[in-house]
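Raw coords.tsv, TSV, C-alpha atoms:
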chain	number	residue	atom	x	y	z
H	1	MET	CA	0.91	32.68	-4.28
H	2	ASN	CA	3.71	35.05	-3.36
H	3	TRP	CA	5.86	32.82	-1.28
H	4	PRO	CA	9.64	33.08	-1.20
H	5	ASP	CA	11.42	30.65	-3.50
H	6	SER	CA	12.79	28.33	-0.83
H	7	LEU	CA	9.34	27.89	0.70
H	8	HIS	CA	7.84	27.39	-2.74
H	9	SER	CA	10.13	24.50	-3.53
H	10	LEU	CA	9.61	23.06	-0.05
H	11	ALA	CA	5.80	23.01	-0.19
H	12	PRO	CA	5.34	19.69	-2.11
H	13	TRP	CA	7.60	17.88	0.35
H	14	ILE	CA	5.57	19.16	3.30
H	15	ALA	CA	2.44	17.99	1.48
H	16	ASP	CA	3.96	14.53	1.01
H	17	VAL	CA	4.88	14.26	4.69
H	18	LEU	CA	1.37	15.34	5.71
H	19	VAL	CA	-0.24	12.81	3.34
H	20	ILE	CA	1.89	9.94	4.65
H	21	LEU	CA	1.17	11.01	8.24
H	22	GLY	CA	-2.57	11.21	7.61
H	23	VAL	CA	-2.77	7.84	5.86
H	24	SER	CA	-0.79	6.10	8.60
H	25	ILE	CA	-2.93	7.69	11.32
H	26	MET	CA	-6.09	6.53	9.54
H	27	THR	CA	-4.69	3.02	9.15
H	28	LEU	CA	-3.92	2.92	12.87
H	29	GLY	CA	-7.43	4.18	13.65
H	30	VAL	CA	-9.09	1.52	11.50
H	31	TYR	CA	-6.89	-1.18	13.04
H	32	GLY	CA	-7.83	0.07	16.51
H	33	ALA	CA	-11.52	-0.01	15.65
H	34	ILE	CA	-11.12	-3.61	14.48
H	35	ARG	CA	-9.02	-4.68	17.46
H	36	MET	CA	-10.91	-3.11	20.35
H	37	PRO	CA	-13.40	-5.40	22.08
H	38	ASP	CA	-16.50	-3.27	22.69
H	39	VAL	CA	-18.27	-0.22	21.32
H	40	TYR	CA	-16.95	2.22	23.91
H	41	THR	CA	-13.31	1.50	23.11
H	42	LYS	CA	-13.96	1.13	19.37
H	43	LEU	CA	-15.16	4.73	19.42
H	44	HIS	CA	-11.66	5.96	20.35
H	45	GLY	CA	-10.12	4.66	17.17
H	46	ALA	CA	-13.16	5.29	15.01
H	47	SER	CA	-13.82	8.91	15.82
H	48	LYS	CA	-10.60	10.51	17.03
H	49	SER	CA	-7.87	8.84	14.99
H	50	VAL	CA	-9.73	8.72	11.69
H	51	PHE	CA	-10.79	12.34	12.05
H	52	LEU	CA	-7.20	13.38	12.79
H	53	GLY	CA	-6.11	11.58	9.62
H	54	VAL	CA	-8.70	13.42	7.54
H	55	PHE	CA	-7.59	16.71	9.09
H	56	SER	CA	-3.97	16.00	8.16
H	57	LEU	CA	-5.02	15.23	4.59
H	58	ILE	CA	-6.91	18.54	4.43
H	59	ALA	CA	-3.78	20.34	5.63
H	60	ALA	CA	-1.82	18.55	2.90
H	61	SER	CA	-4.31	19.62	0.25
H	62	ALA	CA	-3.83	23.25	1.32
H	63	PHE	CA	-0.25	23.02	-0.03
H	64	THR	CA	-1.48	22.55	-3.59
H	65	GLY	CA	-1.94	26.32	-3.66
H	66	GLU	CA	-5.27	26.36	-5.46
H	67	ARG	CA	-7.75	28.69	-3.87
H	68	GLU	CA	-10.87	26.61	-4.47
H	69	ILE	CA	-9.30	23.54	-2.87
H	70	ILE	CA	-8.11	25.54	0.17
H	71	LEU	CA	-11.46	27.19	0.83
H	72	ARG	CA	-13.45	23.97	0.43
H	73	GLY	CA	-10.91	22.19	2.63
H	74	ILE	CA	-11.47	24.74	5.37
H	75	LEU	CA	-15.23	24.17	5.08
H	76	ILE	CA	-14.85	20.37	5.29
H	77	GLY	CA	-12.50	20.69	8.26
H	78	LEU	CA	-14.91	22.94	10.14
H	79	ALA	CA	-17.87	20.65	9.39
H	80	LEU	CA	-16.00	17.55	10.56
H	81	LEU	CA	-14.69	19.37	13.64
H	82	LEU	CA	-18.25	20.19	14.64
H	83	THR	CA	-19.98	16.93	13.71
H	84	THR	CA	-17.58	14.08	14.55
H	85	PRO	CA	-17.62	14.48	18.38
H	86	ILE	CA	-21.42	14.76	18.37
H	87	ALA	CA	-21.79	11.58	16.32
H	88	ALA	CA	-19.38	9.71	18.63
H	89	HIS	CA	-21.27	10.98	21.67
H	90	VAL	CA	-24.61	9.83	20.24
H	91	ILE	CA	-23.24	6.35	19.51
H	92	GLY	CA	-21.81	6.08	23.03
H	93	ARG	CA	-25.07	7.29	24.55
H	94	ALA	CA	-27.05	4.77	22.53
H	95	ALA	CA	-24.72	2.00	23.72
H	96	TYR	CA	-25.18	3.12	27.32
H	97	LEU	CA	-28.98	3.26	27.01
H	98	GLU	CA	-28.98	-0.23	25.50
H	99	LYS	CA	-26.81	-1.43	28.42
H	100	GLU	CA	-24.14	-2.82	26.07
H	101	GLY	CA	-21.61	-4.69	28.14
H	102	MET	CA	-18.05	-3.52	28.61
H	103	ARG	CA	-15.79	-6.35	27.44
H	104	THR	CA	-12.50	-4.63	28.13
H	105	PRO	CA	-10.48	-6.33	30.88
H	106	GLY	CA	-10.20	-4.06	33.85
H	107	ALA	CA	-13.03	-1.78	32.78
H	108	VAL	CA	-14.29	0.36	35.64
H	109	ASP	CA	-17.93	1.31	35.32
H	110	GLU	CA	-19.24	3.84	37.82
H	111	SER	CA	-22.88	3.04	37.12
H	112	GLY	CA	-22.35	-0.66	37.84
H	113	GLN	CA	-24.60	-1.91	35.02
H	114	LEU	CA	-22.40	-2.35	31.99
H	115	VAL	CA	-19.64	-4.79	32.92
H	116	ALA	CA	-20.20	-8.20	31.31
H	117	ASP	CA	-20.87	-11.00	33.78
H	118	GLY	CA	-17.99	-13.24	32.81
H	119	LEU	CA	-15.51	-10.48	33.33
H	120	ARG	CA	-16.67	-9.26	36.71
H	121	ASP	CA	-13.97	-11.16	38.54
H	122	ARG	CA	-11.19	-10.01	36.24
H	123	ARG	CA	-12.45	-6.47	36.57
H	124	ARG	CA	-12.47	-6.81	40.34
H	125	GLN	CA	-8.88	-8.08	40.30
H	126	ALA	CA	-7.76	-5.20	38.14
H	127	THR	CA	-9.60	-2.71	40.32
H	128	ALA	CA	-8.00	-4.21	43.41
H	129	LEU	CA	-4.61	-3.83	41.75
H	130	LEU	CA	-5.14	-0.19	40.88
H	131	TRP	CA	-7.42	1.15	43.60
H	132	PRO	CA	-7.58	-1.13	46.66
H	133	GLU	CA	-9.79	1.26	48.60
H	134	ARG	CA	-12.44	1.21	45.87
H	135	VAL	CA	-12.88	-2.57	46.08
H	136	SER	CA	-13.34	-2.46	49.82
H	137	ARG	CA	-15.88	0.32	49.45
H	138	GLU	CA	-17.83	-1.70	46.87
H	139	GLU	CA	-17.86	-4.73	49.13
H	140	GLN	CA	-19.16	-2.63	52.00
H	141	GLU	CA	-21.90	-1.28	49.75
H	142	GLN	CA	-22.84	-4.79	48.69
H	143	ARG	CA	-23.01	-6.01	52.27
H	144	GLN	CA	-25.21	-3.20	53.49
H	145	PRO	CA	-28.56	-4.36	51.99
H	146	THR	CA	-28.37	-7.85	53.51
W	1	MET	CA	7.40	12.02	-7.67
W	2	HIS	CA	4.97	14.09	-5.65
W	3	GLU	CA	2.07	12.86	-7.77
W	4	THR	CA	3.09	9.29	-7.02
W	5	VAL	CA	2.72	9.79	-3.28
W	6	PHE	CA	-0.82	11.02	-3.77
W	7	TYR	CA	-1.74	8.10	-6.06
W	8	VAL	CA	-0.26	5.51	-3.70
W	9	ALA	CA	-2.12	7.11	-0.82
W	10	ALA	CA	-5.37	6.99	-2.82
W	11	VAL	CA	-4.85	3.27	-3.55
W	12	TRP	CA	-4.09	2.63	0.13
W	13	MET	CA	-7.27	4.49	1.05
W	14	ALA	CA	-9.23	2.27	-1.34
W	15	GLY	CA	-7.84	-0.73	0.55
W	16	LEU	CA	-8.98	0.81	3.85
W	17	LEU	CA	-12.43	1.31	2.29
W	18	ALA	CA	-12.55	-2.41	1.41
W	19	VAL	CA	-11.66	-3.26	5.02
W	20	GLY	CA	-14.43	-0.95	6.21
W	21	VAL	CA	-17.01	-2.61	3.95
W	22	ILE	CA	-15.96	-6.05	5.22
W	23	MET	CA	-16.27	-4.87	8.81
W	24	VAL	CA	-19.73	-3.39	8.15
W	25	ILE	CA	-20.86	-6.79	6.86
W	26	ARG	CA	-19.19	-8.73	9.67
W	27	ALA	CA	-20.32	-6.50	12.54
W	28	ARG	CA	-21.99	-8.40	15.39
W	29	THR	CA	-24.28	-5.74	16.86
W	30	ALA	CA	-26.24	-2.98	15.19
W	31	LEU	CA	-24.36	-0.23	17.04
W	32	THR	CA	-21.03	-1.55	15.79
W	33	ARG	CA	-22.47	-1.48	12.29
W	34	ILE	CA	-23.53	2.16	12.72
W	35	LEU	CA	-20.04	2.98	13.99
W	36	TRP	CA	-18.40	1.33	11.00
W	37	LEU	CA	-20.71	3.14	8.60
W	38	ASP	CA	-19.57	6.40	10.22
W	39	VAL	CA	-15.93	5.34	9.75
W	40	LEU	CA	-16.70	4.38	6.15
W	41	THR	CA	-18.00	7.84	5.26
W	42	LEU	CA	-14.97	9.45	6.90
W	43	LEU	CA	-12.71	7.20	4.80
W	44	LEU	CA	-14.66	8.10	1.66
W	45	THR	CA	-14.25	11.80	2.50
W	46	ALA	CA	-10.50	11.31	2.82
W	47	PHE	CA	-10.41	9.41	-0.48
W	48	LEU	CA	-12.24	12.24	-2.25
W	49	ILE	CA	-9.84	14.81	-0.76
W	50	LEU	CA	-6.84	12.83	-2.03
W	51	TYR	CA	-8.40	12.43	-5.47
W	52	ALA	CA	-9.17	16.14	-5.67
W	53	ASP	CA	-5.49	16.83	-4.89
W	54	THR	CA	-4.30	14.59	-7.71
W	55	GLN	CA	-6.74	16.13	-10.20
W	56	ARG	CA	-6.12	19.70	-8.96
W	57	SER	CA	-9.82	20.52	-9.08
W	58	GLY	CA	-12.11	21.44	-6.24
W	59	TYR	CA	-15.30	19.86	-7.49
W	60	TYR	CA	-14.69	16.56	-5.73
W	61	LEU	CA	-14.55	18.42	-2.43
W	62	ASP	CA	-18.18	19.47	-2.80
W	63	ALA	CA	-19.15	15.81	-2.77
W	64	ALA	CA	-16.86	15.26	0.23
W	65	LEU	CA	-18.50	18.11	2.17
W	66	ILE	CA	-22.03	16.88	1.47
W	67	LEU	CA	-21.01	13.32	2.38
W	68	ALA	CA	-19.59	14.49	5.73
W	69	LEU	CA	-22.74	16.42	6.63
W	70	LEU	CA	-25.08	13.62	5.50
W	71	SER	CA	-23.14	10.99	7.45
W	72	PHE	CA	-23.53	13.12	10.59
W	73	ILE	CA	-27.31	13.30	10.17
W	74	SER	CA	-27.67	9.60	9.32
W	75	THR	CA	-25.47	8.46	12.21
W	76	ILE	CA	-27.48	10.50	14.71
W	77	ALA	CA	-30.80	9.30	13.26
W	78	ALA	CA	-29.76	5.63	13.23
W	79	ALA	CA	-28.25	5.67	16.73
W	80	ARG	CA	-31.17	7.52	18.29
W	81	TYR	CA	-33.71	5.32	16.54
W	82	HIS	CA	-31.87	2.21	17.67
W	83	SER	CA	-31.64	3.26	21.31
W	84	GLU	CA	-34.84	5.21	21.95
W	85	GLY	CA	-37.17	4.10	19.17
W	86	LYS	CA	-37.69	7.62	17.88
W	87	VAL	CA	-35.46	10.16	16.19
W	88	PHE	CA	-36.92	13.45	17.37
W	89	SER	CA	-37.93	13.67	20.97
What does this structure look like when you write it as structure tokens?
Amino acid sequence: MNWPDSLHSLAPWIADVLVILGVSIMTLGVYGAIRMPDVYTKLHGASKSVFLGVFSLIAASAFTGEREIILRGILIGLALLLTTPIAAHVIGRAAYLEKEGMRTPGAVDESGQLVADGLRDRRRQATALLWPERVSREEQEQRQPT
Amino acid sequence: MHETVFYVAAVWMAGLLAVGVIMVIRARTALTRILWLDVLTLLLTAFLILYADTQRSGYYLDAALILALLSFISTIAAARYHSEGKVFS
């Protein structure tokens, strides 16, 4: 490639920085997917962070300067950019259809079906802390049928 | 020096792959297992990209591309079959 000399000597260092960044982002994503309590929050770490790490590694591989690696890297990046959000959406939709409970403390569920029973009180406390008017509205809605 | 960074990153990625396999085995629900399989294929893609960089050849990236596309199809099929009982509506 016809880069100027300073850029040419700088390229491996940029590749190193991008590799370290990508590996650390992927490690954080895997740790988040282990740590998070239910499927909905696990999806954050599993889809977004890990995909960002792969994207950074692809950007690092572009600095090797070989044309076949760069072109195939662009293809992999485009394929992952299109497919990862769809896969995450399908997993989340499956969890919603199965009525998997939300185990995150303070989870606010608009459909009112997913919050696990043991955590309803903690969720109500957190909701009252954040949005007092929402709790009163929910209580009014619960009182109406009786 | 620059090669070393790539090799250390590949070894680190192999460790992340081991963690992913352990979490696939230890997953409590089937959806969590599907999610971890998705993560596992992404990690394998990243490992192949790093290995292709160290070897300076693009042939490993073909495998990475096919793995990414196949993991997409298999994740959608497994999740839809698990939730709705059928893959194609």
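With distances restricted to only C-alpha atoms, H:Ile69 is the closest residue to Arg56 in chain W from H:Ile76, H:Ile69, H:Ala33, H:Ala107.
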- Message: Within 8 Å of chain W, which residues belong to chain H? Use all atoms listed in the file and report them as a VMD selection string.
- Response: chain H and resid 12 to 13 16 19 to 20 23 27 30 34 39 43 46 to 47 50 to 51 54 57 to 58 61 64 66 68 to 69 72 to 73 75 to 76 79 to 80 83 to 84 87 90 to 91 94 to 95 97 to 98
- What is the distance between CA of Ser6 in chain H and CA of Ser56 in chain H, in Å to one decimal?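 According to the coordinates, CA of Ser6 in chain H and CA of Ser56 in chain H are separated by 22.7 Å.
Restricting the calculation to all atoms listed in the file, the smallest distance between Leu70 in chain W and any of W:Ala18, W:Leu37, W:Val11, W:Ile25 is found for W:Leu37.
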- Message: Quick check, in Å to one decimal: how far apart do CA of Gly85 in chain W and CA of Gly92 in chain H lie?
- Response: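 These atoms are spaced 16.0 Å apart.
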- If we count only C-alpha atoms, what is near Asp38 in chain H at a cut-off of 9 Å, once residues fewer than 5 positions away on the same chain are taken out, given as a list in words?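 So the residues in contact are Leu43, Glu100, Gly101, Met102, Arg103 and Thr104 of chain H; Thr32 of chain W.
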Dump C-alpha atoms for the selected residues as an mmCIF file, keeping the file's coordinate frame?
data_model
loop_
_atom_site.group_PDB
_atom_site.id
_atom_site.type_symbol
_atom_site.label_atom_id
_atom_site.label_comp_id
_atom_site.auth_asym_id
_atom_site.auth_seq_id
_atom_site.Cartn_x
_atom_site.Cartn_y
_atom_site.Cartn_z
ATOM 1 C CA LEU H 43 -15.160 4.730 19.420
ATOM 2 C CA GLU H 100 -24.140 -2.820 26.070
ATOM 3 C CA GLY H 101 -21.610 -4.690 28.140
ATOM 4 C CA MET H 102 -18.050 -3.520 28.610
ATOM 5 C CA ARG H 103 -15.790 -6.350 27.440
ATOM 6 C CA THR H 104 -12.500 -4.630 28.130
ATOM 7 C CA THR W 32 -21.030 -1.550 15.790
#
- Do you have the CA of Gly32 in chain H-CA of Ser49 in chain H distance handy?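 Answer for the CA of Gly32 in chain H to CA of Ser49 in chain H separation: 8.9 Å.
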- Which residue gives the smallest distance to Arg93 in chain H among H:Tyr40, H:Thr127, H:Ile70, H:Met26, with all atoms listed in the file counted? H:Tyr40
- Task: Counting all atoms listed in the file, figure out which residue out of H:Ala88, H:Ala11, H:Lys48, H:Arg67 gets nearest to Leu28 in chain H.
- Result: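 Checking each candidate against Leu28 in chain H, we get H:Lys48 as the closest.
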- Query: Nearest to Pro37 in chain H among H:Phe63, H:Leu82, H:Phe55, H:Pro105, with distances taken over only C-alpha atoms: which residue is it?
  - Reply: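 Residue with the minimum atom-to-atom distance to Pro37 in chain H: H:Pro105.
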Where atoms are absent from range 17-47 of chain W, fill them in so it carries N, CA and C atoms, then output it as a short mmCIF file (atom, residue, chain, number, x, y, z; two decimals), in the coordinates of the input.
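This went into result_18.cif:
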data_model
loop_
_atom_site.label_atom_id
_atom_site.label_comp_id
_atom_site.auth_asym_id
_atom_site.auth_seq_id
_atom_site.Cartn_x
_atom_site.Cartn_y
_atom_site.Cartn_z
N LEU W 17 -10.99 1.33 2.55
CA LEU W 17 -12.43 1.31 2.29
C LEU W 17 -12.94 -0.12 2.17
N ALA W 18 -12.14 -1.00 1.51
CA ALA W 18 -12.55 -2.41 1.41
C ALA W 18 -12.62 -3.05 2.79
N VAL W 19 -11.63 -2.74 3.64
CA VAL W 19 -11.66 -3.26 5.02
C VAL W 19 -12.90 -2.76 5.76
N GLY W 20 -13.25 -1.50 5.55
CA GLY W 20 -14.43 -0.95 6.21
C GLY W 20 -15.71 -1.63 5.75
N VAL W 21 -15.81 -1.92 4.45
CA VAL W 21 -17.01 -2.61 3.95
C VAL W 21 -17.11 -4.01 4.55
N ILE W 22 -15.95 -4.72 4.62
CA ILE W 22 -15.96 -6.05 5.22
C ILE W 22 -16.38 -5.99 6.68
N MET W 23 -15.91 -4.95 7.40
CA MET W 23 -16.27 -4.87 8.81
C MET W 23 -17.72 -4.45 9.00
N VAL W 24 -18.29 -3.68 8.07
CA VAL W 24 -19.73 -3.39 8.15
C VAL W 24 -20.53 -4.67 8.00
N ILE W 25 -20.11 -5.54 7.07
CA ILE W 25 -20.86 -6.79 6.86
C ILE W 25 -20.70 -7.73 8.05
N ARG W 26 -19.47 -7.76 8.60
CA ARG W 26 -19.19 -8.73 9.67
C ARG W 26 -19.55 -8.26 11.06
N ALA W 27 -20.09 -7.05 11.20
CA ALA W 27 -20.32 -6.50 12.54
C ALA W 27 -21.34 -7.34 13.30
N ARG W 28 -21.12 -7.52 14.61
CA ARG W 28 -21.99 -8.40 15.39
C ARG W 28 -23.24 -7.68 15.84
N THR W 29 -23.11 -6.46 16.36
CA THR W 29 -24.28 -5.74 16.86
C THR W 29 -24.60 -4.57 15.93
N ALA W 30 -25.81 -4.06 16.08
CA ALA W 30 -26.24 -2.98 15.19
C ALA W 30 -25.45 -1.70 15.46
N LEU W 31 -25.10 -1.46 16.73
CA LEU W 31 -24.36 -0.23 17.04
C LEU W 31 -22.96 -0.26 16.43
N THR W 32 -22.33 -1.44 16.44
CA THR W 32 -21.03 -1.55 15.79
C THR W 32 -21.13 -1.27 14.31
N ARG W 33 -22.27 -1.72 13.71
CA ARG W 33 -22.47 -1.48 12.29
C ARG W 33 -22.64 0.02 12.02
N ILE W 34 -23.38 0.70 12.88
CA ILE W 34 -23.53 2.16 12.72
C ILE W 34 -22.18 2.85 12.83
N LEU W 35 -21.38 2.41 13.81
CA LEU W 35 -20.04 2.98 13.99
C LEU W 35 -19.17 2.78 12.76
N TRP W 36 -19.24 1.58 12.18
CA TRP W 36 -18.40 1.33 11.00
C TRP W 36 -18.89 2.08 9.78
N LEU W 37 -20.22 2.32 9.71
CA LEU W 37 -20.71 3.14 8.60
C LEU W 37 -20.20 4.57 8.72
N ASP W 38 -20.13 5.07 9.98
CA ASP W 38 -19.57 6.40 10.22
C ASP W 38 -18.10 6.46 9.77
N VAL W 39 -17.34 5.41 10.16
CA VAL W 39 -15.93 5.34 9.75
C VAL W 39 -15.81 5.29 8.23
N LEU W 40 -16.75 4.55 7.60
CA LEU W 40 -16.70 4.38 6.15
C LEU W 40 -16.89 5.71 5.43
N THR W 41 -17.82 6.54 5.92
CA THR W 41 -18.00 7.84 5.26
C THR W 41 -16.81 8.75 5.49
N LEU W 42 -16.19 8.66 6.67
CA LEU W 42 -14.97 9.45 6.90
C LEU W 42 -13.87 9.03 5.93
N LEU W 43 -13.73 7.70 5.73
CA LEU W 43 -12.71 7.20 4.80
C LEU W 43 -13.00 7.66 3.38
N LEU W 44 -14.30 7.67 3.02
CA LEU W 44 -14.66 8.10 1.66
C LEU W 44 -14.37 9.59 1.48
N THR W 45 -14.60 10.38 2.54
CA THR W 45 -14.25 11.80 2.50
C THR W 45 -12.75 11.99 2.26
N ALA W 46 -11.95 11.20 2.98
CA ALA W 46 -10.50 11.31 2.82
C ALA W 46 -10.07 10.90 1.41
N PHE W 47 -10.73 9.85 0.87
CA PHE W 47 -10.41 9.41 -0.48
C PHE W 47 -10.73 10.50 -1.49
#
